[in-house]
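**Student:** Quick one: structure below, then a few questions.
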Amino acid sequence: MIIKSIKLTNFRNHSTYKLTCEDETSLILGSNGWGKTSVLEAIYILTRGKSFRATDSEILNHNADYYRIELEYTSGEITTATYDGKTKNFIILDKKTKRLPKKYKYPIILFLPSDLNLISHSPGRRREYFDRIFSEFDDSYSTSLSKYQKALKQRNELLKTDSLTKDTLFSWNLMLAKYGTNLTKLRSEFINEINSNLTNVYRSIAENTDEINIVYQTEAPESEQKYLSRLEDCFERDHYLGHTTFGIHRDDYLFEFNHSLADGSASRGETRSIILALKFIEADLVYQKLHQKPIILLDDVFSELDETRRRHLVKNFKDNQVIITSVDMI
Ligand SMILES: Nc1ncnc2c1ncn2[C@@H]1O[C@H](COP(=O)(O)OP(=O)(O)O)[C@@H](O)[C@H]1O
Ligand SMILES: [Mg+2]
């Protein structure tokens, strides 16, 4: 699918704005605070179902009581979303739905300036990053994840109450074990798929013989039963601390550069090449899995890259629709 245009009303600082896109590459130029990332955010909501950075109440223009965004594809299909301060609705062919139906989702590869610091970010930021990517690969991943997160929240709330018995947690433990084992299996599978190409793609960008590998770090056992017993064993400690100390919400992804931790050993330029390679692989895997060419949203990353890496970026995504934001003409 190719985006033809995106229209924004009362969306962040835009009272009304329309971008007409090129089939290949579109450029949104504007100074800091002009509202460039917001345009990409609107595209992301209409293709993925929710923002990558905020809630709808934060997005709604401070002086307005509703926002409306409308995405038109070159095929003529139109996806609209509205938010009135309380409820968000997607509107497709005059039908309203609370969530963007799977059929109307479209894969996106989003490249934010903060992604360039992925290797040195906190484990939580890295988990968020890979959760977003894996949700692109597989819808069942995001369903399991949201069920896991809901169960975790409920369990943590119960753990904060004084008169709590082990049995009260049982049904939540069951859910965490079920979705936790499913997620750890998918995480490990997807990281293996990324790793199988990472070094090669990296070498094609960096033109050297370095080796890159991502290590998926988890305490989670493969069996659901073992996962459940681990949760039960943690009861005393969890109750004392008031939160769940075991599970896939504590996983991490460590980047290795020539078999040592990349954070600390890879240079700034090498780190940029690693992230670039990761993005290329994400786009390839999305295409392999979904048979759809993802739309590429590049938010202000050109200014962060040197000439060679920019060229690789352009060349790699020459068959995708690309929407770029920048402060300077590029
Ligand atoms: N809900 C809102 N209502 C009005 N303005 C907002 C809202 N949220 C953010 N802004 C403002 O919108 C501007 C555009 O943000 P952003 O899209 O991140 O700009 P850019 O990417 O061009 O730097 C910022 O100045 C921000 O303060
Ligand atoms: Mg921005």
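Letters A, B, ... go to the chains of the structure tokens in the order shown; residues in each chain start at 1; ligands are counted from 1 in the same order.
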Which residues come within 10 Å of A:His62, counting only C-alpha atoms, excluding same-chain residues fewer than 6 positions away, as a compact mmCIF listing (two decimals) with C-alpha atoms, in the first residue's frame?
**Tutor:**
```txt
# COMPACT_ATOMS: atom_id res chain seq x y z
CA ASN A 10 -6.48 19.55 16.16
CA PHE A 11 -3.72 16.99 16.36
CA ARG A 12 -1.03 18.30 18.75
CA ASN A 13 -0.01 21.77 17.50
```
**Student:** Let me see if you get this right: every residue at most 12 Å from ligand 2, counting only C-alpha atoms and all ligand atoms, written as a PDB file with C-alpha atoms, in the first residue's frame.
**Tutor:**
```pdb
ATOM      1  CA  ILE A  28       8.670  17.090   5.721  1.00  0.00           C
ATOM      2  CA  LEU A  29      10.871  20.091   6.429  1.00  0.00           C
ATOM      3  CA  GLY A  30      10.434  22.286   9.482  1.00  0.00           C
ATOM      4  CA  SER A  31      12.233  23.830  12.416  1.00  0.00           C
ATOM      5  CA  ASN A  32      12.199  22.207  15.868  1.00  0.00           C
ATOM      6  CA  GLY A  33       8.706  22.213  17.317  1.00  0.00           C
ATOM      7  CA  TRP A  34       7.087  22.702  13.919  1.00  0.00           C
ATOM      8  CA  GLY A  35       5.175  19.421  14.342  1.00  0.00           C
ATOM      9  CA  LYS A  36       7.109  17.020  12.090  1.00  0.00           C
ATOM     10  CA  THR A  37       7.170  14.048  14.449  1.00  0.00           C
ATOM     11  CA  SER A  38       3.455  14.621  15.053  1.00  0.00           C
ATOM     12  CA  VAL A  39       2.724  14.019  11.360  1.00  0.00           C
ATOM     13  CA  LEU A  40       4.569  10.676  11.541  1.00  0.00           C
ATOM     14  CA  GLU A  41       2.710   9.937  14.768  1.00  0.00           C
ATOM     15  CA  ARG A  53       4.961   7.998  22.122  1.00  0.00           C
ATOM     16  CA  PHE A 111      13.336   5.140  12.821  1.00  0.00           C
ATOM     17  CA  LEU A 112      13.582   7.671  15.654  1.00  0.00           C
ATOM     18  CA  PRO A 113      16.749   9.534  16.684  1.00  0.00           C
ATOM     19  CA  SER A 114      16.538   7.842  20.102  1.00  0.00           C
ATOM     20  CA  LEU A 297       9.185   6.668   8.613  1.00  0.00           C
ATOM     21  CA  LEU A 298      12.527   8.366   9.219  1.00  0.00           C
ATOM     22  CA  ASP A 299      12.258  10.972  11.938  1.00  0.00           C
ATOM     23  CA  ASP A 300      15.153  13.419  11.890  1.00  0.00           C
ATOM     24  CA  VAL A 301      17.773  10.679  11.523  1.00  0.00           C
ATOM     25  CA  ILE A 324      11.417  11.672   6.062  1.00  0.00           C
ATOM     26  CA  THR A 325      11.377  14.582   8.485  1.00  0.00           C
ATOM     27  CA  SER A 326      14.277  16.977   8.736  1.00  0.00           C
ATOM     28  CA  VAL A 327      15.214  20.391  10.058  1.00  0.00           C
TER      29      VAL A 327
END
```
**Student:** Here is a test: counting only C-alpha atoms and all ligand atoms, which residue of A:Arg268, A:His14, A:Lys178, A:Arg310 is nearest to ligand 1?
**Tutor:** A:His14
**Student:** Tell me which protein, DNA and RNA residues are within 12 Å of A:His249, counting only C-alpha atoms, leaving out same-chain ones fewer than 3 positions away, and put them as a PDB file with N, CA and C atoms, in the first residue's frame.
**Tutor:**
```pdb
ATOM      1  N   PRO A 123      17.335  -1.438  30.053  1.00  0.00           N
ATOM      2  CA  PRO A 123      16.666  -2.661  29.593  1.00  0.00           C
ATOM      3  C   PRO A 123      15.194  -2.404  29.254  1.00  0.00           C
ATOM      4  N   GLY A 124      14.530  -1.562  30.027  1.00  0.00           N
ATOM      5  CA  GLY A 124      13.113  -1.272  29.785  1.00  0.00           C
ATOM      6  C   GLY A 124      12.883  -0.660  28.411  1.00  0.00           C
ATOM      7  N   ARG A 125      13.741   0.276  28.028  1.00  0.00           N
ATOM      8  CA  ARG A 125      13.615   0.906  26.709  1.00  0.00           C
ATOM      9  C   ARG A 125      13.872  -0.107  25.602  1.00  0.00           C
ATOM     10  N   ARG A 126      14.842  -1.000  25.852  1.00  0.00           N
ATOM     11  CA  ARG A 126      15.131  -2.024  24.829  1.00  0.00           C
ATOM     12  C   ARG A 126      13.960  -3.001  24.709  1.00  0.00           C
ATOM     13  N   ARG A 127      13.367  -3.347  25.848  1.00  0.00           N
ATOM     14  CA  ARG A 127      12.195  -4.245  25.775  1.00  0.00           C
ATOM     15  C   ARG A 127      11.087  -3.582  24.978  1.00  0.00           C
ATOM     16  N   GLU A 128      10.836  -2.312  25.256  1.00  0.00           N
ATOM     17  CA  GLU A 128       9.788  -1.580  24.527  1.00  0.00           C
ATOM     18  C   GLU A 128      10.069  -1.591  23.026  1.00  0.00           C
ATOM     19  N   ASP A 131       9.524  -5.075  21.672  1.00  0.00           N
ATOM     20  CA  ASP A 131       8.086  -5.392  21.710  1.00  0.00           C
ATOM     21  C   ASP A 131       7.388  -4.758  20.505  1.00  0.00           C
ATOM     22  N   LEU A 145       1.219 -10.095  24.639  1.00  0.00           N
ATOM     23  CA  LEU A 145       1.886  -9.085  25.457  1.00  0.00           C
ATOM     24  C   LEU A 145       0.871  -8.266  26.249  1.00  0.00           C
ATOM     25  N   SER A 146      -0.214  -7.858  25.618  1.00  0.00           N
ATOM     26  CA  SER A 146      -1.138  -7.021  26.368  1.00  0.00           C
ATOM     27  C   SER A 146      -1.855  -7.852  27.433  1.00  0.00           C
ATOM     28  N   TYR A 148      -0.447 -10.380  29.011  1.00  0.00           N
ATOM     29  CA  TYR A 148       0.580 -10.550  30.050  1.00  0.00           C
ATOM     30  C   TYR A 148       0.651  -9.290  30.927  1.00  0.00           C
ATOM     31  N   GLN A 149       0.658  -8.132  30.268  1.00  0.00           N
ATOM     32  CA  GLN A 149       0.800  -6.883  31.013  1.00  0.00           C
ATOM     33  C   GLN A 149      -0.396  -6.616  31.931  1.00  0.00           C
ATOM     34  N   LYS A 150      -1.579  -6.975  31.447  1.00  0.00           N
ATOM     35  CA  LYS A 150      -2.771  -6.800  32.293  1.00  0.00           C
ATOM     36  C   LYS A 150      -2.699  -7.700  33.520  1.00  0.00           C
ATOM     37  N   ALA A 151      -2.316  -8.955  33.307  1.00  0.00           N
ATOM     38  CA  ALA A 151      -2.230  -9.910  34.415  1.00  0.00           C
ATOM     39  C   ALA A 151      -1.153  -9.466  35.413  1.00  0.00           C
ATOM     40  N   LEU A 152      -0.048  -8.959  34.892  1.00  0.00           N
ATOM     41  CA  LEU A 152       1.047  -8.507  35.749  1.00  0.00           C
ATOM     42  C   LEU A 152       0.596  -7.337  36.637  1.00  0.00           C
ATOM     43  N   LYS A 153      -0.164  -6.434  36.047  1.00  0.00           N
ATOM     44  CA  LYS A 153      -0.653  -5.270  36.780  1.00  0.00           C
ATOM     45  C   LYS A 153      -1.583  -5.720  37.919  1.00  0.00           C
ATOM     46  N   LEU A 176       0.147 -15.482  33.701  1.00  0.00           N
ATOM     47  CA  LEU A 176       1.525 -15.030  33.463  1.00  0.00           C
ATOM     48  C   LEU A 176       2.368 -16.167  32.899  1.00  0.00           C
ATOM     49  N   ALA A 177       2.171 -17.376  33.404  1.00  0.00           N
ATOM     50  CA  ALA A 177       2.945 -18.527  32.926  1.00  0.00           C
ATOM     51  C   ALA A 177       2.593 -18.836  31.471  1.00  0.00           C
ATOM     52  N   TYR A 179       1.158 -16.791  29.039  1.00  0.00           N
ATOM     53  CA  TYR A 179       1.608 -15.773  28.078  1.00  0.00           C
ATOM     54  C   TYR A 179       3.114 -15.552  28.159  1.00  0.00           C
ATOM     55  N   GLY A 180       3.667 -15.695  29.362  1.00  0.00           N
ATOM     56  CA  GLY A 180       5.115 -15.532  29.533  1.00  0.00           C
ATOM     57  C   GLY A 180       5.898 -16.554  28.715  1.00  0.00           C
ATOM     58  N   THR A 181       5.490 -17.816  28.761  1.00  0.00           N
ATOM     59  CA  THR A 181       6.234 -18.833  27.991  1.00  0.00           C
ATOM     60  C   THR A 181       6.042 -18.624  26.490  1.00  0.00           C
ATOM     61  N   LEU A 183       5.564 -15.707  25.024  1.00  0.00           N
ATOM     62  CA  LEU A 183       6.356 -14.542  24.616  1.00  0.00           C
ATOM     63  C   LEU A 183       7.853 -14.847  24.589  1.00  0.00           C
ATOM     64  N   THR A 184       8.321 -15.620  25.557  1.00  0.00           N
ATOM     65  CA  THR A 184       9.758 -15.901  25.597  1.00  0.00           C
ATOM     66  C   THR A 184      10.147 -16.761  24.387  1.00  0.00           C
ATOM     67  N   ARG A 187      10.174 -14.333  21.421  1.00  0.00           N
ATOM     68  CA  ARG A 187      11.330 -13.425  21.504  1.00  0.00           C
ATOM     69  C   ARG A 187      12.593 -14.136  21.060  1.00  0.00           C
ATOM     70  N   GLN A 217      18.357 -12.209  26.767  1.00  0.00           N
ATOM     71  CA  GLN A 217      18.601 -12.620  28.138  1.00  0.00           C
ATOM     72  C   GLN A 217      17.273 -12.780  28.877  1.00  0.00           C
ATOM     73  N   THR A 218      17.031 -13.983  29.372  1.00  0.00           N
ATOM     74  CA  THR A 218      15.780 -14.212  30.105  1.00  0.00           C
ATOM     75  C   THR A 218      15.989 -15.251  31.200  1.00  0.00           C
ATOM     76  N   GLU A 219      15.182 -15.127  32.245  1.00  0.00           N
ATOM     77  CA  GLU A 219      15.209 -16.141  33.303  1.00  0.00           C
ATOM     78  C   GLU A 219      14.119 -17.174  33.056  1.00  0.00           C
ATOM     79  N   ALA A 220      13.278 -16.914  32.061  1.00  0.00           N
ATOM     80  CA  ALA A 220      12.085 -17.737  31.858  1.00  0.00           C
ATOM     81  C   ALA A 220      12.423 -19.131  31.356  1.00  0.00           C
ATOM     82  N   HIS A 243       5.838  -6.366  44.406  1.00  0.00           N
ATOM     83  CA  HIS A 243       5.748  -6.519  42.954  1.00  0.00           C
ATOM     84  C   HIS A 243       6.323  -7.867  42.508  1.00  0.00           C
ATOM     85  N   THR A 244       6.073  -8.202  41.247  1.00  0.00           N
ATOM     86  CA  THR A 244       6.462  -9.502  40.714  1.00  0.00           C
ATOM     87  C   THR A 244       7.930  -9.479  40.289  1.00  0.00           C
ATOM     88  N   THR A 245       8.748 -10.306  40.967  1.00  0.00           N
ATOM     89  CA  THR A 245      10.191 -10.223  40.714  1.00  0.00           C
ATOM     90  C   THR A 245      10.691 -11.229  39.687  1.00  0.00           C
ATOM     91  N   PHE A 246       9.794 -12.088  39.221  1.00  0.00           N
ATOM     92  CA  PHE A 246      10.223 -13.068  38.220  1.00  0.00           C
ATOM     93  C   PHE A 246       9.346 -12.965  36.978  1.00  0.00           C
ATOM     94  N   ASP A 252      16.106  -8.892  28.836  1.00  0.00           N
ATOM     95  CA  ASP A 252      16.912  -7.840  28.196  1.00  0.00           C
ATOM     96  C   ASP A 252      17.505  -8.387  26.890  1.00  0.00           C
TER      97      ASP A 252
END
```
**Student:** Please, which residues of stretch 74-182 of chain A, numbered as in this document, come out strand (DSSP E) from DSSP, as a PyMOL selection string?
**Tutor:** chain A and resi 78-83+88-92+95-97+108-111
**Student:** Measuring atom to atom with only C-alpha atoms, identify which of A:Lys160, A:Glu222, A:Ile295, A:Lys315 is nearest to A:Ser26.
**Tutor:**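 The shortest atom-to-atom distance to A:Ser26 comes from A:Ile295.
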**Student:** If I take atom CA of A:Ile6 and atom CA of A:Leu46, how far is one from the other in Å, to one decimal?
**Tutor:**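 Going from atom CA of A:Ile6 over to atom CA of A:Leu46, I get 9.4 Å.
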**Student:** When you count only C-alpha atoms and all ligand atoms, which of these residues is closest to ligand 1: A:Asp263, A:Asp328, A:Asp306, A:Glu211?
**Tutor:**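 Of A:Asp263, A:Asp328, A:Asp306, A:Glu211, the one nearest ligand 1, counting only C-alpha atoms and all ligand atoms, is A:Asp328.
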**Student:** Quick one: residues within 12 Å of A:Ile275, only C-alpha atoms, excluding same-chain residues fewer than 3 positions away - as an MDAnalysis selection string?
**Tutor:** chainID A and resid 111:120 129 194 198:199 201:202 205:206 212:214 255 262 266 268:272 278:282 301 305 309 313
**Student:** DSSP on the backbone, then: every residue of stretch 45-149 of chain A marked alpha helix (DSSP H), written as a PDB file with C-alpha atoms, in the first residue's frame.
**Tutor:**
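The result, written out as out_13.pdb:
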```pdb
ATOM      1  CA  ILE A  45      -1.799   5.677  14.627  1.00  0.00           C
ATOM      2  CA  LEU A  46      -3.713   5.113  11.390  1.00  0.00           C
ATOM      3  CA  THR A  47      -1.524   2.196  10.290  1.00  0.00           C
ATOM      4  CA  ARG A  48      -0.687   0.536  13.627  1.00  0.00           C
ATOM      5  CA  ASP A  56      -4.677  10.356  23.007  1.00  0.00           C
ATOM      6  CA  SER A  57      -5.312  12.912  25.734  1.00  0.00           C
ATOM      7  CA  GLU A  58      -1.712  14.114  25.411  1.00  0.00           C
ATOM      8  CA  ILE A  59      -2.078  14.289  21.650  1.00  0.00           C
ATOM      9  CA  PRO A 123      16.666  -2.661  29.593  1.00  0.00           C
ATOM     10  CA  GLY A 124      13.113  -1.272  29.785  1.00  0.00           C
ATOM     11  CA  ARG A 125      13.615   0.906  26.709  1.00  0.00           C
ATOM     12  CA  ARG A 126      15.131  -2.024  24.829  1.00  0.00           C
ATOM     13  CA  ARG A 127      12.195  -4.245  25.775  1.00  0.00           C
ATOM     14  CA  GLU A 128       9.788  -1.580  24.527  1.00  0.00           C
ATOM     15  CA  TYR A 129      11.728  -1.325  21.298  1.00  0.00           C
ATOM     16  CA  PHE A 130      11.710  -5.046  20.566  1.00  0.00           C
ATOM     17  CA  ASP A 131       8.086  -5.392  21.710  1.00  0.00           C
ATOM     18  CA  ARG A 132       7.158  -2.852  19.056  1.00  0.00           C
ATOM     19  CA  ILE A 133       9.172  -4.653  16.386  1.00  0.00           C
ATOM     20  CA  PHE A 134       7.900  -8.118  17.288  1.00  0.00           C
ATOM     21  CA  SER A 135       4.327  -6.819  17.246  1.00  0.00           C
ATOM     22  CA  GLU A 136       4.940  -5.840  13.624  1.00  0.00           C
ATOM     23  CA  PHE A 137       6.145  -9.369  12.871  1.00  0.00           C
ATOM     24  CA  ASP A 139      -0.126 -10.044  15.726  1.00  0.00           C
ATOM     25  CA  SER A 140      -0.297 -12.844  18.276  1.00  0.00           C
ATOM     26  CA  TYR A 141       2.785 -11.320  19.914  1.00  0.00           C
ATOM     27  CA  SER A 142       0.995  -8.065  20.736  1.00  0.00           C
ATOM     28  CA  THR A 143      -2.116  -9.915  21.917  1.00  0.00           C
ATOM     29  CA  SER A 144      -0.081 -12.094  24.290  1.00  0.00           C
ATOM     30  CA  LEU A 145       1.886  -9.085  25.457  1.00  0.00           C
ATOM     31  CA  SER A 146      -1.138  -7.021  26.368  1.00  0.00           C
ATOM     32  CA  LYS A 147      -2.692  -9.991  28.206  1.00  0.00           C
ATOM     33  CA  TYR A 148       0.580 -10.550  30.050  1.00  0.00           C
ATOM     34  CA  GLN A 149       0.800  -6.883  31.013  1.00  0.00           C
TER      35      GLN A 149
END
```
**Student:** With only C-alpha atoms as the counted atoms, please give the residues lying no more than 8 Å from A:Tyr73, apart from itself and same-chain residues fewer than 4 positions off, as a CSV table (one decimal) with C-alpha atoms, in the first residue's frame.
**Tutor:**
```csv
chain,number,residue,atom,x,y,z
A,1,MET,CA,0.0,0.0,0.0
A,2,ILE,CA,1.1,3.5,-0.7
A,3,ILE,CA,-0.1,6.5,1.3
A,4,LYS,CA,-1.5,9.3,-0.8
A,5,SER,CA,-2.2,11.9,1.9
A,77,GLU,CA,-9.0,3.3,0.9
A,78,ILE,CA,-9.4,5.8,3.7
```
